[in-house]
Amino acid sequence: MSSTQNPAGPGEGSAGSVHGAIEAVPVRHPGRWIAAAIVVVIAVLMARSVATNPRFEWGVVGDYLFDPRIMRGIVKTLELTVIAMAIGVFGGILLAVMRLSPNPMVSGASGIYIWIFRGTPVLVQLLFWNFISAIYPQITFGLPGVHLDANTLINPFTAAILALGLNEAAYMAEIVRAGILSVDEGQSEAAQALGMTRTQTMRRIVLPQAMRVIVPPTGNETISMLKTTSLASVIAVTELTYAAQLIYAQNYKTIPLLIVISMWYLVGTTILSIGQYFLERHFGRGFQRSPEGAVGV
Amino acid sequence: MSEPMVRAEQVHKSYGRLEVLKGIDLTVQPGEVTCLIGPSGSGKSTFLRCVNHLEKIQAGRLWVDGELVGYRQQGDKVHELRENEVSRKRAEIGMVFQHFNLFGHMTALQNVIEAPVRVKGVPKAQAVTRAQELLTRVGLGDKFNNYPSQLSGGQQQRVAIARALAMDPKLMLFDEPTSALDPELVGDVLAVMRELARTGMTMVVVTHEMGFAREVGDTVVFMDGGVIVEAGRPAEVLGAPREERTKAFLDKVL
């Protein structure tokens, strides 16, 4: 309403009779200059050390940066990330809706799932899935006529996907639940008063608005997942980290190869952060802080 | 006499041990505007929410257009309605909320077409034409593509009215539609409601706007402590109340 402040506006009030822009002597901040100088010195020292220490072997880093084995490792890492996050997101939505169900058995089952999968280390879960055939040599799903051999069904890659995806679902469930609860009760009431069913209300009204709250932490989870996939190296999935390990096990160029994969992880997380920005913008529509064309109240 | 649009007989509602409605008897004829007034906590909003089954009643009977609300009578047994049956009945009753409750992720136009398209299966093009008519009728012909956050409270409430009307309801419920508005925005919303009343819409309005109740209401119902204290023509209830409690309330608000 009266938020438009014109610096050259009428000079009434305590400012006296001075018109025009204020030209005041700014407050000096010597502390800031000193801090900046210290940061610059430390940065230069570190950069020099990294550049001149021959044991970083930057030449070797260059040699292996686009090595086909590293490239295949990247593809595997991306596959693991995408599939595990897909399982995580859909599993999370399912678990969150279950958690909010009026049926205590359904809600309780979801609670217990979340308790177990969040309460044990993902590395341990990864090992469990890898050795699942030791627990269930034959997978029958309790159905007659179904006899699947666990050893052919569960290879290290599928074990990693199951472990990472099912673990992620437990975390996503809490994120989705928080998102659903963040949507005002009045939204579902209005939808129901219009004759929409519970399912329609959830799909059309509540979840799209919950996305605004769900997307930012999901972006963090995805970024985190990209890095967590490196755990799959312990069960010999040739993702990026294991691919590098295989190489330096032969040539002992450990440090340069760790730098190579760190660079690729950074590239990946940077791209994901940019994607997250656009997703947030999409799901934030209607909720911008200063909407263009806003009508004064 | 025709079937009443709303008929309540000894409606009781409680939250746990707190009894909010203690036996409401009320009849609303088609085309009538009934205004519910009374102090906060008197149960008027709760009663309104019972009419479209947003709240379950614990005793008594409540009919809308001759059909039980939320239940089906078979012989002398009463069965709860399934969720989709309740939804189908709610679709015939429009409701306007104190806090508008517009869908924040949808533009004004999307808000209005959502239920006709998703609930009634109206073709989208047809729903859009109708939504544009309705939004123009409530004075928002230039705001089709604005999001709720870009509209003032009064404009949001008029979109909410258009959204309810888009379902061609046979009954409109208003739950304190102007209570959350800045004083200078109340008039526009009341004007839309007055216009709606003139078209013969059956309306039940919970309100603190005594001027509106007096001018537009066919019946004014004064509620206090979960019961109807007094009901009648606006001139009688507001002008010459017979009950002490009504007098005391009116003295405070007028």
# chains A, B, ... in the order shown; residues from 1 in each chain; ligands from 1
>>> select_by_dssp(residues="region 67-142 of chain B", states="helix (DSSP H, G or I)", output="PyMOL selection string")
chain B and resi 83-90+108-118+124-137
>>> write_last_selection(atoms="C-alpha atoms", output="compact mmCIF listing (two decimals), in the first residue's frame")
# COMPACT_ATOMS: atom_id res chain seq x y z
CA GLU B 83 -17.38 -41.57 0.55
CA ASN B 84 -18.26 -41.16 -3.14
CA GLU B 85 -21.95 -40.85 -2.30
CA VAL B 86 -21.18 -38.11 0.21
CA SER B 87 -19.02 -36.40 -2.41
CA ARG B 88 -21.81 -36.55 -4.98
CA LYS B 89 -24.16 -34.79 -2.57
CA ARG B 90 -21.60 -32.20 -1.60
CA ALA B 108 -8.60 -17.82 -10.62
CA LEU B 109 -9.89 -19.51 -13.78
CA GLN B 110 -8.31 -22.87 -12.90
CA ASN B 111 -9.87 -22.64 -9.44
CA VAL B 112 -13.31 -22.21 -10.98
CA ILE B 113 -13.08 -24.96 -13.63
CA GLU B 114 -11.41 -27.57 -11.40
CA ALA B 115 -14.53 -29.12 -9.85
CA PRO B 116 -16.83 -28.91 -12.91
CA VAL B 117 -14.19 -30.70 -15.02
CA ARG B 118 -12.98 -33.23 -12.41
CA LYS B 124 -12.95 -28.20 -20.44
CA ALA B 125 -13.80 -25.64 -23.15
CA GLN B 126 -17.35 -25.42 -21.86
CA ALA B 127 -16.18 -25.08 -18.26
CA VAL B 128 -13.80 -22.28 -19.25
CA THR B 129 -16.56 -20.31 -21.00
CA ARG B 130 -18.80 -20.68 -17.98
CA ALA B 131 -15.98 -19.77 -15.57
CA GLN B 132 -15.27 -16.62 -17.55
CA GLU B 133 -18.96 -15.68 -17.36
CA LEU B 134 -19.03 -16.26 -13.61
CA LEU B 135 -15.81 -14.40 -12.90
CA THR B 136 -17.06 -11.48 -14.98
CA ARG B 137 -20.33 -11.58 -13.07
>>> interface_residues(of="chain B", to="chain A", cutoff="8 Å", atoms="only C-alpha atoms", output="ChimeraX atom specification")
/B:52,54,83-84,86-95,97,99,101-107,115,118-119,147-153,164,167
>>> write_last_selection(atoms="N, CA and C atoms", output="CSV table (one decimal), in the first residue's frame")
chain,number,residue,atom,x,y,z
B,52,ASN,N,-23.3,-29.8,4.9
B,52,ASN,CA,-22.7,-30.6,3.8
B,52,ASN,C,-21.8,-31.7,4.3
B,54,LEU,N,-19.4,-31.9,6.3
B,54,LEU,CA,-18.0,-31.7,6.7
B,54,LEU,C,-17.8,-32.1,8.2
B,83,GLU,N,-18.1,-42.8,0.8
B,83,GLU,CA,-17.4,-41.6,0.5
B,83,GLU,C,-17.8,-40.9,-0.8
B,84,ASN,N,-17.9,-41.8,-1.8
B,84,ASN,CA,-18.3,-41.2,-3.1
B,84,ASN,C,-19.7,-40.7,-3.2
B,86,VAL,N,-21.2,-39.4,-0.5
B,86,VAL,CA,-21.2,-38.1,0.2
B,86,VAL,C,-20.7,-37.0,-0.7
B,87,SER,N,-19.6,-37.4,-1.5
B,87,SER,CA,-19.0,-36.4,-2.4
B,87,SER,C,-20.0,-35.9,-3.4
B,88,ARG,N,-20.8,-36.9,-4.0
B,88,ARG,CA,-21.8,-36.5,-5.0
B,88,ARG,C,-22.8,-35.5,-4.4
B,89,LYS,N,-23.2,-35.7,-3.2
B,89,LYS,CA,-24.2,-34.8,-2.6
B,89,LYS,C,-23.5,-33.4,-2.3
B,90,ARG,N,-22.3,-33.5,-1.9
B,90,ARG,CA,-21.6,-32.2,-1.6
B,90,ARG,C,-21.5,-31.4,-2.9
B,91,ALA,N,-21.3,-32.1,-4.0
B,91,ALA,CA,-21.2,-31.4,-5.3
B,91,ALA,C,-22.4,-30.5,-5.6
B,92,GLU,N,-23.5,-30.8,-5.0
B,92,GLU,CA,-24.8,-30.0,-5.2
B,92,GLU,C,-24.9,-28.9,-4.3
B,93,ILE,N,-24.0,-28.8,-3.3
B,93,ILE,CA,-24.1,-27.7,-2.3
B,93,ILE,C,-22.8,-26.8,-2.4
B,94,GLY,N,-23.0,-25.6,-2.6
B,94,GLY,CA,-21.8,-24.7,-2.7
B,94,GLY,C,-21.4,-24.2,-1.3
B,95,MET,N,-20.1,-24.1,-1.1
B,95,MET,CA,-19.7,-23.5,0.2
B,95,MET,C,-18.7,-22.5,0.1
B,97,PHE,N,-16.0,-20.1,2.3
B,97,PHE,CA,-15.3,-20.2,3.6
B,97,PHE,C,-14.8,-18.8,4.1
B,99,HIS,N,-11.9,-18.1,5.2
B,99,HIS,CA,-10.6,-17.8,4.7
B,99,HIS,C,-10.4,-18.2,3.2
B,101,ASN,N,-10.0,-20.1,1.1
B,101,ASN,CA,-9.5,-21.5,0.7
B,101,ASN,C,-9.4,-21.7,-0.8
B,102,LEU,N,-9.0,-20.7,-1.5
B,102,LEU,CA,-8.7,-20.9,-2.9
B,102,LEU,C,-7.5,-21.8,-3.1
B,103,PHE,N,-7.5,-22.5,-4.2
B,103,PHE,CA,-6.3,-23.4,-4.4
B,103,PHE,C,-5.2,-22.6,-4.8
B,104,GLY,N,-4.1,-22.5,-4.0
B,104,GLY,CA,-3.1,-21.6,-4.2
B,104,GLY,C,-2.2,-21.8,-5.4
B,105,HIS,N,-2.2,-23.0,-5.9
B,105,HIS,CA,-1.3,-23.3,-7.1
B,105,HIS,C,-2.1,-23.1,-8.4
B,106,MET,N,-3.3,-22.6,-8.3
B,106,MET,CA,-4.1,-22.5,-9.5
B,106,MET,C,-4.5,-21.1,-9.7
B,107,THR,N,-4.6,-20.6,-11.0
B,107,THR,CA,-5.1,-19.3,-11.2
B,107,THR,C,-6.6,-19.2,-10.9
B,115,ALA,N,-13.5,-28.2,-10.3
B,115,ALA,CA,-14.5,-29.1,-9.9
B,115,ALA,C,-15.5,-29.5,-11.0
B,118,ARG,N,-13.4,-32.0,-13.1
B,118,ARG,CA,-13.0,-33.2,-12.4
B,118,ARG,C,-14.1,-34.0,-11.8
B,119,VAL,N,-15.1,-33.3,-11.3
B,119,VAL,CA,-16.2,-33.9,-10.5
B,119,VAL,C,-17.4,-34.2,-11.4
B,147,TYR,N,-3.1,-15.5,-9.9
B,147,TYR,CA,-3.0,-16.5,-8.8
B,147,TYR,C,-3.7,-15.9,-7.5
B,148,PRO,N,-4.2,-16.7,-6.6
B,148,PRO,CA,-4.8,-16.1,-5.4
B,148,PRO,C,-3.9,-15.1,-4.7
B,149,SER,N,-2.6,-15.4,-4.6
B,149,SER,CA,-1.7,-14.5,-3.9
B,149,SER,C,-1.6,-13.2,-4.6
B,150,GLN,N,-2.1,-13.1,-5.8
B,150,GLN,CA,-2.0,-11.8,-6.5
B,150,GLN,C,-3.3,-11.0,-6.4
B,151,LEU,N,-4.3,-11.6,-5.6
B,151,LEU,CA,-5.6,-10.9,-5.5
B,151,LEU,C,-5.8,-10.5,-4.0
B,152,SER,N,-6.6,-9.4,-3.9
B,152,SER,CA,-6.9,-8.9,-2.5
B,152,SER,C,-7.9,-9.9,-1.9
B,153,GLY,N,-8.1,-9.8,-0.6
B,153,GLY,CA,-9.0,-10.7,0.1
B,153,GLY,C,-10.4,-10.7,-0.5
B,164,ALA,N,-17.8,-21.8,-6.3
B,164,ALA,CA,-18.9,-22.6,-5.8
B,164,ALA,C,-20.1,-22.6,-6.8
B,167,MET,N,-20.5,-25.0,-9.9
B,167,MET,CA,-21.1,-26.4,-9.8
B,167,MET,C,-22.6,-26.4,-9.9
>>> residues_around(residues="Ser14 (chain B)", least_positions_apart="5", cutoff="10 Å", atoms="only C-alpha atoms", output="PyMOL selection string")
chain B and resi 19-22+46+55-59+226
>>> residues_around(residues="Tyr242 (chain A)", least_positions_apart="2", cutoff="12 Å", atoms="only C-alpha atoms", output="compact mmCIF listing (two decimals) with N, CA and C atoms, in the first residue's frame")
# COMPACT_ATOMS: atom_id res chain seq x y z
N ARG A 69 36.87 -46.40 -18.76
CA ARG A 69 36.43 -47.11 -17.56
C ARG A 69 35.76 -46.14 -16.58
N ILE A 70 36.33 -44.93 -16.50
CA ILE A 70 35.73 -43.89 -15.65
C ILE A 70 34.36 -43.49 -16.23
N ARG A 72 32.33 -45.30 -18.04
CA ARG A 72 31.34 -46.36 -17.74
C ARG A 72 30.92 -46.31 -16.28
N GLY A 73 31.88 -45.95 -15.43
CA GLY A 73 31.56 -45.81 -14.01
C GLY A 73 30.54 -44.70 -13.77
N ILE A 74 30.71 -43.60 -14.50
CA ILE A 74 29.77 -42.48 -14.37
C ILE A 74 28.37 -42.93 -14.76
N LYS A 76 27.11 -45.92 -14.70
CA LYS A 76 26.57 -46.80 -13.65
C LYS A 76 26.10 -45.99 -12.43
N THR A 77 26.91 -45.00 -12.06
CA THR A 77 26.55 -44.15 -10.91
C THR A 77 25.23 -43.42 -11.18
N THR A 229 25.90 -43.51 -3.67
CA THR A 229 26.06 -44.67 -4.55
C THR A 229 27.48 -45.22 -4.49
N SER A 230 28.44 -44.39 -4.03
CA SER A 230 29.82 -44.87 -3.96
C SER A 230 29.95 -46.04 -2.97
N LEU A 231 28.99 -46.15 -2.04
CA LEU A 231 29.01 -47.28 -1.10
C LEU A 231 28.88 -48.60 -1.85
N ALA A 232 28.21 -48.57 -3.02
CA ALA A 232 28.02 -49.80 -3.77
C ALA A 232 29.35 -50.41 -4.19
N SER A 233 30.44 -49.62 -4.08
CA SER A 233 31.76 -50.16 -4.43
C SER A 233 32.13 -51.34 -3.52
N VAL A 234 31.59 -51.35 -2.27
CA VAL A 234 31.97 -52.43 -1.36
C VAL A 234 31.37 -53.77 -1.78
N ILE A 235 30.31 -53.74 -2.60
CA ILE A 235 29.80 -55.02 -3.10
C ILE A 235 30.14 -55.17 -4.59
N ALA A 236 31.21 -54.47 -5.01
CA ALA A 236 31.77 -54.66 -6.34
C ALA A 236 30.81 -54.30 -7.48
N VAL A 237 30.06 -53.21 -7.29
CA VAL A 237 29.33 -52.64 -8.43
C VAL A 237 30.28 -51.63 -9.06
N THR A 238 30.54 -51.75 -10.35
CA THR A 238 31.55 -50.88 -10.97
C THR A 238 30.98 -49.51 -11.28
N GLU A 239 30.53 -48.84 -10.23
CA GLU A 239 30.18 -47.43 -10.39
C GLU A 239 31.46 -46.61 -10.30
N LEU A 240 31.31 -45.30 -10.30
CA LEU A 240 32.47 -44.42 -10.44
C LEU A 240 33.60 -44.72 -9.45
N ALA A 244 37.35 -46.42 -10.27
CA ALA A 244 38.64 -45.80 -9.95
C ALA A 244 39.50 -46.74 -9.11
N GLN A 245 38.85 -47.43 -8.15
CA GLN A 245 39.60 -48.35 -7.30
C GLN A 245 40.26 -49.46 -8.13
N LEU A 246 39.51 -49.96 -9.12
CA LEU A 246 40.05 -51.02 -9.98
C LEU A 246 41.29 -50.53 -10.72
N ILE A 247 41.25 -49.25 -11.14
CA ILE A 247 42.39 -48.72 -11.88
C ILE A 247 43.59 -48.54 -10.95
N TYR A 248 43.37 -47.90 -9.79
CA TYR A 248 44.55 -47.65 -8.95
C TYR A 248 45.05 -48.90 -8.23
N ALA A 249 44.24 -49.95 -8.21
CA ALA A 249 44.74 -51.21 -7.69
C ALA A 249 45.83 -51.76 -8.61
N LEU A 257 43.52 -40.53 -9.18
CA LEU A 257 42.23 -41.12 -9.53
C LEU A 257 41.13 -40.66 -8.57
N LEU A 258 41.49 -40.48 -7.30
CA LEU A 258 40.48 -39.94 -6.36
C LEU A 258 40.12 -38.51 -6.76
N ILE A 261 37.64 -38.73 -9.78
CA ILE A 261 36.23 -39.03 -9.48
C ILE A 261 35.61 -37.91 -8.63
>>> closest_residue(among="B:Val227, B:Asp25, B:Asp218, B:Phe100", to="Arg163 (chain B)", atoms="only C-alpha atoms")
B:Phe100
>>> residues_around(residues="region 250-253 of chain A", least_positions_apart="5", cutoff="12 Å", atoms="only C-alpha atoms", output="VMD selection string")
chain A and resid 55 to 61 63 to 64 243 to 245 258 to 260
>>> atom_distance(atom1="CA of Arg61 (chain B)", atom2="CA of Glu3 (chain B)")
15.3 Å
>>> decode(residues="region 143-179 of chain B", atoms="N, CA and C atoms", output="PDB file, in the first residue's frame")
ATOM      1  N   LYS B 143      -9.231 -10.723 -14.230  1.00  0.00           N
ATOM      2  CA  LYS B 143      -8.319 -11.400 -13.310  1.00  0.00           C
ATOM      3  C   LYS B 143      -8.257 -12.917 -13.544  1.00  0.00           C
ATOM      4  N   PHE B 144      -8.670 -13.369 -14.731  1.00  0.00           N
ATOM      5  CA  PHE B 144      -8.735 -14.813 -14.987  1.00  0.00           C
ATOM      6  C   PHE B 144      -7.428 -15.517 -14.641  1.00  0.00           C
ATOM      7  N   ASN B 145      -6.312 -14.906 -15.020  1.00  0.00           N
ATOM      8  CA  ASN B 145      -5.032 -15.619 -14.919  1.00  0.00           C
ATOM      9  C   ASN B 145      -4.205 -15.218 -13.721  1.00  0.00           C
ATOM     10  N   ASN B 146      -4.837 -14.529 -12.755  1.00  0.00           N
ATOM     11  CA  ASN B 146      -4.108 -14.189 -11.539  1.00  0.00           C
ATOM     12  C   ASN B 146      -4.165 -15.343 -10.552  1.00  0.00           C
ATOM     13  N   TYR B 147      -3.050 -15.530  -9.856  1.00  0.00           N
ATOM     14  CA  TYR B 147      -3.039 -16.505  -8.774  1.00  0.00           C
ATOM     15  C   TYR B 147      -3.654 -15.858  -7.530  1.00  0.00           C
ATOM     16  N   PRO B 148      -4.189 -16.672  -6.611  1.00  0.00           N
ATOM     17  CA  PRO B 148      -4.800 -16.093  -5.407  1.00  0.00           C
ATOM     18  C   PRO B 148      -3.890 -15.110  -4.690  1.00  0.00           C
ATOM     19  N   SER B 149      -2.581 -15.417  -4.646  1.00  0.00           N
ATOM     20  CA  SER B 149      -1.667 -14.536  -3.923  1.00  0.00           C
ATOM     21  C   SER B 149      -1.571 -13.166  -4.580  1.00  0.00           C
ATOM     22  N   GLN B 150      -2.063 -13.058  -5.815  1.00  0.00           N
ATOM     23  CA  GLN B 150      -2.004 -11.771  -6.510  1.00  0.00           C
ATOM     24  C   GLN B 150      -3.329 -11.022  -6.406  1.00  0.00           C
ATOM     25  N   LEU B 151      -4.258 -11.568  -5.607  1.00  0.00           N
ATOM     26  CA  LEU B 151      -5.570 -10.935  -5.476  1.00  0.00           C
ATOM     27  C   LEU B 151      -5.770 -10.456  -4.044  1.00  0.00           C
ATOM     28  N   SER B 152      -6.566  -9.407  -3.893  1.00  0.00           N
ATOM     29  CA  SER B 152      -6.904  -8.950  -2.544  1.00  0.00           C
ATOM     30  C   SER B 152      -7.886  -9.935  -1.921  1.00  0.00           C
ATOM     31  N   GLY B 153      -8.075  -9.827  -0.612  1.00  0.00           N
ATOM     32  CA  GLY B 153      -8.998 -10.720   0.080  1.00  0.00           C
ATOM     33  C   GLY B 153     -10.394 -10.691  -0.523  1.00  0.00           C
ATOM     34  N   GLY B 154     -10.867  -9.484  -0.827  1.00  0.00           N
ATOM     35  CA  GLY B 154     -12.216  -9.364  -1.386  1.00  0.00           C
ATOM     36  C   GLY B 154     -12.315 -10.024  -2.745  1.00  0.00           C
ATOM     37  N   GLN B 155     -11.259  -9.861  -3.547  1.00  0.00           N
ATOM     38  CA  GLN B 155     -11.251 -10.496  -4.870  1.00  0.00           C
ATOM     39  C   GLN B 155     -11.188 -12.012  -4.728  1.00  0.00           C
ATOM     40  N   GLN B 156     -10.370 -12.486  -3.758  1.00  0.00           N
ATOM     41  CA  GLN B 156     -10.277 -13.938  -3.550  1.00  0.00           C
ATOM     42  C   GLN B 156     -11.634 -14.504  -3.153  1.00  0.00           C
ATOM     43  N   GLN B 157     -12.339 -13.777  -2.281  1.00  0.00           N
ATOM     44  CA  GLN B 157     -13.620 -14.307  -1.833  1.00  0.00           C
ATOM     45  C   GLN B 157     -14.621 -14.337  -2.994  1.00  0.00           C
ATOM     46  N   ARG B 158     -14.538 -13.370  -3.904  1.00  0.00           N
ATOM     47  CA  ARG B 158     -15.450 -13.396  -5.043  1.00  0.00           C
ATOM     48  C   ARG B 158     -15.105 -14.536  -6.002  1.00  0.00           C
ATOM     49  N   VAL B 159     -13.797 -14.833  -6.140  1.00  0.00           N
ATOM     50  CA  VAL B 159     -13.425 -16.022  -6.925  1.00  0.00           C
ATOM     51  C   VAL B 159     -14.009 -17.271  -6.261  1.00  0.00           C
ATOM     52  N   ALA B 160     -13.923 -17.307  -4.927  1.00  0.00           N
ATOM     53  CA  ALA B 160     -14.440 -18.475  -4.195  1.00  0.00           C
ATOM     54  C   ALA B 160     -15.943 -18.631  -4.425  1.00  0.00           C
ATOM     55  N   ILE B 161     -16.665 -17.518  -4.494  1.00  0.00           N
ATOM     56  CA  ILE B 161     -18.107 -17.588  -4.768  1.00  0.00           C
ATOM     57  C   ILE B 161     -18.329 -18.111  -6.191  1.00  0.00           C
ATOM     58  N   ALA B 162     -17.554 -17.579  -7.148  1.00  0.00           N
ATOM     59  CA  ALA B 162     -17.678 -18.045  -8.536  1.00  0.00           C
ATOM     60  C   ALA B 162     -17.363 -19.539  -8.617  1.00  0.00           C
ATOM     61  N   ARG B 163     -16.352 -19.976  -7.853  1.00  0.00           N
ATOM     62  CA  ARG B 163     -15.966 -21.385  -7.867  1.00  0.00           C
ATOM     63  C   ARG B 163     -17.115 -22.264  -7.377  1.00  0.00           C
ATOM     64  N   ALA B 164     -17.806 -21.799  -6.319  1.00  0.00           N
ATOM     65  CA  ALA B 164     -18.936 -22.568  -5.801  1.00  0.00           C
ATOM     66  C   ALA B 164     -20.094 -22.562  -6.812  1.00  0.00           C
ATOM     67  N   LEU B 165     -20.331 -21.409  -7.440  1.00  0.00           N
ATOM     68  CA  LEU B 165     -21.460 -21.305  -8.375  1.00  0.00           C
ATOM     69  C   LEU B 165     -21.236 -22.150  -9.624  1.00  0.00           C
ATOM     70  N   ALA B 166     -19.977 -22.380  -9.974  1.00  0.00           N
ATOM     71  CA  ALA B 166     -19.674 -23.129 -11.196  1.00  0.00           C
ATOM     72  C   ALA B 166     -20.226 -24.549 -11.137  1.00  0.00           C
ATOM     73  N   MET B 167     -20.532 -25.033  -9.934  1.00  0.00           N
ATOM     74  CA  MET B 167     -21.085 -26.386  -9.800  1.00  0.00           C
ATOM     75  C   MET B 167     -22.611 -26.371  -9.882  1.00  0.00           C
ATOM     76  N   ASP B 168     -23.201 -25.212 -10.183  1.00  0.00           N
ATOM     77  CA  ASP B 168     -24.659 -25.055 -10.226  1.00  0.00           C
ATOM     78  C   ASP B 168     -25.318 -25.645  -8.990  1.00  0.00           C
ATOM     79  N   PRO B 169     -24.947 -25.134  -7.815  1.00  0.00           N
ATOM     80  CA  PRO B 169     -25.480 -25.705  -6.580  1.00  0.00           C
ATOM     81  C   PRO B 169     -26.949 -25.332  -6.386  1.00  0.00           C
ATOM     82  N   LYS B 170     -27.658 -26.189  -5.645  1.00  0.00           N
ATOM     83  CA  LYS B 170     -29.044 -25.853  -5.346  1.00  0.00           C
ATOM     84  C   LYS B 170     -29.125 -25.104  -4.021  1.00  0.00           C
ATOM     85  N   LEU B 171     -28.005 -25.081  -3.310  1.00  0.00           N
ATOM     86  CA  LEU B 171     -27.955 -24.432  -2.003  1.00  0.00           C
ATOM     87  C   LEU B 171     -26.559 -23.872  -1.821  1.00  0.00           C
ATOM     88  N   MET B 172     -26.482 -22.659  -1.293  1.00  0.00           N
ATOM     89  CA  MET B 172     -25.161 -22.057  -1.041  1.00  0.00           C
ATOM     90  C   MET B 172     -25.003 -21.801   0.452  1.00  0.00           C
ATOM     91  N   LEU B 173     -23.865 -22.253   0.981  1.00  0.00           N
ATOM     92  CA  LEU B 173     -23.561 -22.027   2.391  1.00  0.00           C
ATOM     93  C   LEU B 173     -22.421 -21.007   2.482  1.00  0.00           C
ATOM     94  N   PHE B 174     -22.589 -20.007   3.300  1.00  0.00           N
ATOM     95  CA  PHE B 174     -21.541 -18.995   3.482  1.00  0.00           C
ATOM     96  C   PHE B 174     -21.120 -19.002   4.945  1.00  0.00           C
ATOM     97  N   ASP B 175     -19.836 -19.292   5.192  1.00  0.00           N
ATOM     98  CA  ASP B 175     -19.337 -19.349   6.567  1.00  0.00           C
ATOM     99  C   ASP B 175     -18.539 -18.076   6.865  1.00  0.00           C
ATOM    100  N   GLU B 176     -19.191 -17.097   7.442  1.00  0.00           N
ATOM    101  CA  GLU B 176     -18.564 -15.810   7.739  1.00  0.00           C
ATOM    102  C   GLU B 176     -17.743 -15.296   6.558  1.00  0.00           C
ATOM    103  N   PRO B 177     -18.388 -15.087   5.422  1.00  0.00           N
ATOM    104  CA  PRO B 177     -17.625 -14.787   4.193  1.00  0.00           C
ATOM    105  C   PRO B 177     -16.880 -13.461   4.224  1.00  0.00           C
ATOM    106  N   THR B 178     -17.259 -12.549   5.128  1.00  0.00           N
ATOM    107  CA  THR B 178     -16.587 -11.245   5.117  1.00  0.00           C
ATOM    108  C   THR B 178     -15.762 -10.999   6.368  1.00  0.00           C
ATOM    109  N   SER B 179     -15.686 -12.009   7.258  1.00  0.00           N
ATOM    110  CA  SER B 179     -15.030 -11.765   8.550  1.00  0.00           C
ATOM    111  C   SER B 179     -13.528 -11.565   8.429  1.00  0.00           C
TER     112      SER B 179
END
